[in-house]
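K.L.:
Once you've had a glance at the structure underneath, I'll fire off some questions.
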Amino acid sequence: MELTGGCLCRAVRYAISAPPIVTRACWCRVCQYIGAGSGTVNVCFPSAALTVQGELRDYPLIADSGNVMHRRFCPQCGTHLFSAAEARAHLIFVRAGTLDDPEVAQPAMTIWTSAAPSWASISAELPQVQRQPPPAA
Ligand SMILES: [Zn+2]
Ligand SMILES: [Zn+2]
């Protein structure tokens, strides 16, 4: 199987040759910046299955856990595409909105609900985790 996607201006395009491991909606404080007030939806894949064309910029940030997180985005249009933890570099989290077919992303849980504002729209049908869940794989 091959999934494809890219940024808004199409300067960055990617392909993924593996099925998703898990999809999560995240309301951590950092995702609220990236999501413009909402949380983000992130689809986890094995990093080895991802090929990228185009230039990405990397914004590294140390998480509360001490992990260095790399968030990569298109320098032209600013679309965030990927995040990865240095300690778990075999996994890549793809921002669901960048998939050519966002239907591929079926969130299995909502995480970091403790950081969400009171008005956040959070699915009652999905399991909720207040902070960071155990690693996906
Ligand atoms: Zn772009
Ligand atoms: Zn987050």
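Here, A, B, ... name the chains of the structure tokens in the order displayed, residue numbers run from 1 inside each chain, and ligands are numbered from 1 in the same displayed order.
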Which polymer residues have any atom within 12 Å of an atom of segment 24-41 of chain A, counting only C-alpha atoms, with same-chain residues fewer than 4 positions away left out, as a ChimeraX atom specification?
P.N.:
/A:20,45,59-64,69,71-73,78-83,93-99,102-123,126-133,135-136
K.L.:
I'd like the contact shell of Arg13 of chain A - 9 Å cut-off, only C-alpha atoms, skipping same-chain residues fewer than 4 positions apart - returned as a list in words.
P.N.:
Thr4, Gly5, Gly6, Cys7, Thr51, Val52, Gln53 and Gly54 of chain A
K.L.:
For ligand 2, which residue among A:Asp100, A:Asn42, A:Arg57, A:Ser47 is the nearest when counting only C-alpha atoms and all ligand atoms?
P.N.:
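Residue with the minimum atom-to-atom distance to ligand 2: A:Asn42.
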K.L.:
Report as a PDB file with C-alpha atoms, in the first residue's frame: the residues of segment 2-125 of chain A with a DSSP assignment of strand (DSSP E or B), based on the backbone of this structure.
P.N.:
```pdb
ATOM      1  CA  LEU A   3      -0.290   6.674   1.130  1.00  0.00           C
ATOM      2  CA  THR A   4       0.586  10.113  -0.143  1.00  0.00           C
ATOM      3  CA  GLY A   5       0.382  13.641   1.153  1.00  0.00           C
ATOM      4  CA  GLY A   6       2.088  16.979   1.366  1.00  0.00           C
ATOM      5  CA  ARG A  13       5.324  15.838  -0.942  1.00  0.00           C
ATOM      6  CA  TYR A  14       5.648  12.489   0.772  1.00  0.00           C
ATOM      7  CA  ALA A  15       4.768   8.822   0.369  1.00  0.00           C
ATOM      8  CA  ILE A  16       4.304   6.156   3.029  1.00  0.00           C
ATOM      9  CA  VAL A  22      -2.241   4.212  15.484  1.00  0.00           C
ATOM     10  CA  THR A  23      -3.948   7.591  15.169  1.00  0.00           C
ATOM     11  CA  ARG A  24      -4.392   9.925  18.118  1.00  0.00           C
ATOM     12  CA  ALA A  25      -5.929  13.334  18.644  1.00  0.00           C
ATOM     13  CA  CYS A  26      -3.596  15.400  20.843  1.00  0.00           C
ATOM     14  CA  ALA A  36      -4.391  27.148  15.688  1.00  0.00           C
ATOM     15  CA  SER A  38      -7.646  23.096  18.256  1.00  0.00           C
ATOM     16  CA  THR A  40      -3.887  18.030  16.256  1.00  0.00           C
ATOM     17  CA  VAL A  41      -4.584  14.592  14.773  1.00  0.00           C
ATOM     18  CA  ASN A  42      -1.451  12.509  14.263  1.00  0.00           C
ATOM     19  CA  VAL A  43      -1.056   9.239  12.398  1.00  0.00           C
ATOM     20  CA  CYS A  44       1.853   7.064  13.519  1.00  0.00           C
ATOM     21  CA  PHE A  45       3.909   5.118  10.957  1.00  0.00           C
ATOM     22  CA  PRO A  46       7.266   3.329  10.954  1.00  0.00           C
ATOM     23  CA  LEU A  50       8.341   7.409   4.785  1.00  0.00           C
ATOM     24  CA  THR A  51       9.975   9.126   1.795  1.00  0.00           C
ATOM     25  CA  VAL A  52       9.885  12.921   1.501  1.00  0.00           C
ATOM     26  CA  GLN A  53      10.515  15.265  -1.422  1.00  0.00           C
ATOM     27  CA  ARG A  57      12.514  22.996   8.449  1.00  0.00           C
ATOM     28  CA  ASP A  58      12.925  21.390  11.881  1.00  0.00           C
ATOM     29  CA  TYR A  59      11.869  22.968  15.167  1.00  0.00           C
ATOM     30  CA  PRO A  60      13.375  20.918  18.010  1.00  0.00           C
ATOM     31  CA  LEU A  61      11.831  21.268  21.453  1.00  0.00           C
ATOM     32  CA  ILE A  62      12.486  19.449  24.715  1.00  0.00           C
ATOM     33  CA  VAL A  68      13.807  16.006  22.270  1.00  0.00           C
ATOM     34  CA  MET A  69      10.891  16.368  19.849  1.00  0.00           C
ATOM     35  CA  HIS A  70      11.481  17.316  16.222  1.00  0.00           C
ATOM     36  CA  ARG A  71       8.593  19.052  14.506  1.00  0.00           C
ATOM     37  CA  ARG A  72       9.086  19.522  10.804  1.00  0.00           C
ATOM     38  CA  PHE A  73       7.240  21.962   8.573  1.00  0.00           C
ATOM     39  CA  HIS A  80       3.352  21.216   9.909  1.00  0.00           C
ATOM     40  CA  LEU A  81       3.814  17.726   8.484  1.00  0.00           C
ATOM     41  CA  PHE A  82       5.761  15.503  10.884  1.00  0.00           C
ATOM     42  CA  SER A  83       6.816  15.066  14.464  1.00  0.00           C
ATOM     43  CA  ALA A  84       9.201  12.532  15.958  1.00  0.00           C
ATOM     44  CA  ALA A  85      10.864  11.910  19.305  1.00  0.00           C
ATOM     45  CA  LEU A  91       8.305   6.180  14.599  1.00  0.00           C
ATOM     46  CA  ILE A  92       7.062   9.179  12.641  1.00  0.00           C
ATOM     47  CA  PHE A  93       3.853  11.042  13.436  1.00  0.00           C
ATOM     48  CA  VAL A  94       2.196  12.539  10.374  1.00  0.00           C
ATOM     49  CA  ARG A  95      -0.222  15.465  10.766  1.00  0.00           C
ATOM     50  CA  LEU A  99      -2.684  13.290   3.962  1.00  0.00           C
ATOM     51  CA  MET A 109      -7.949   7.973  21.417  1.00  0.00           C
ATOM     52  CA  THR A 110      -7.626  11.560  22.580  1.00  0.00           C
ATOM     53  CA  ILE A 111      -4.495  12.384  24.554  1.00  0.00           C
TER      54      ILE A 111
END
```
K.L.:
Could you check the closest approach to Cys9 of chain A for each of A:Arg88, A:Cys74, A:Ala124, A:Leu56 and tell me which residue wins, using only C-alpha atoms?
P.N.:
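Going through A:Arg88, A:Cys74, A:Ala124, A:Leu56 one by one, the smallest distance to Cys9 of chain A is for A:Cys74.
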K.L.:
Looking at only C-alpha atoms and all ligand atoms, which of A:Pro134, A:Pro19, A:Pro75, A:Gly66 is the one that sits closest to ligand 1?
P.N.:
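Counting only C-alpha atoms and all ligand atoms, the residue closest to ligand 1 is A:Pro75.
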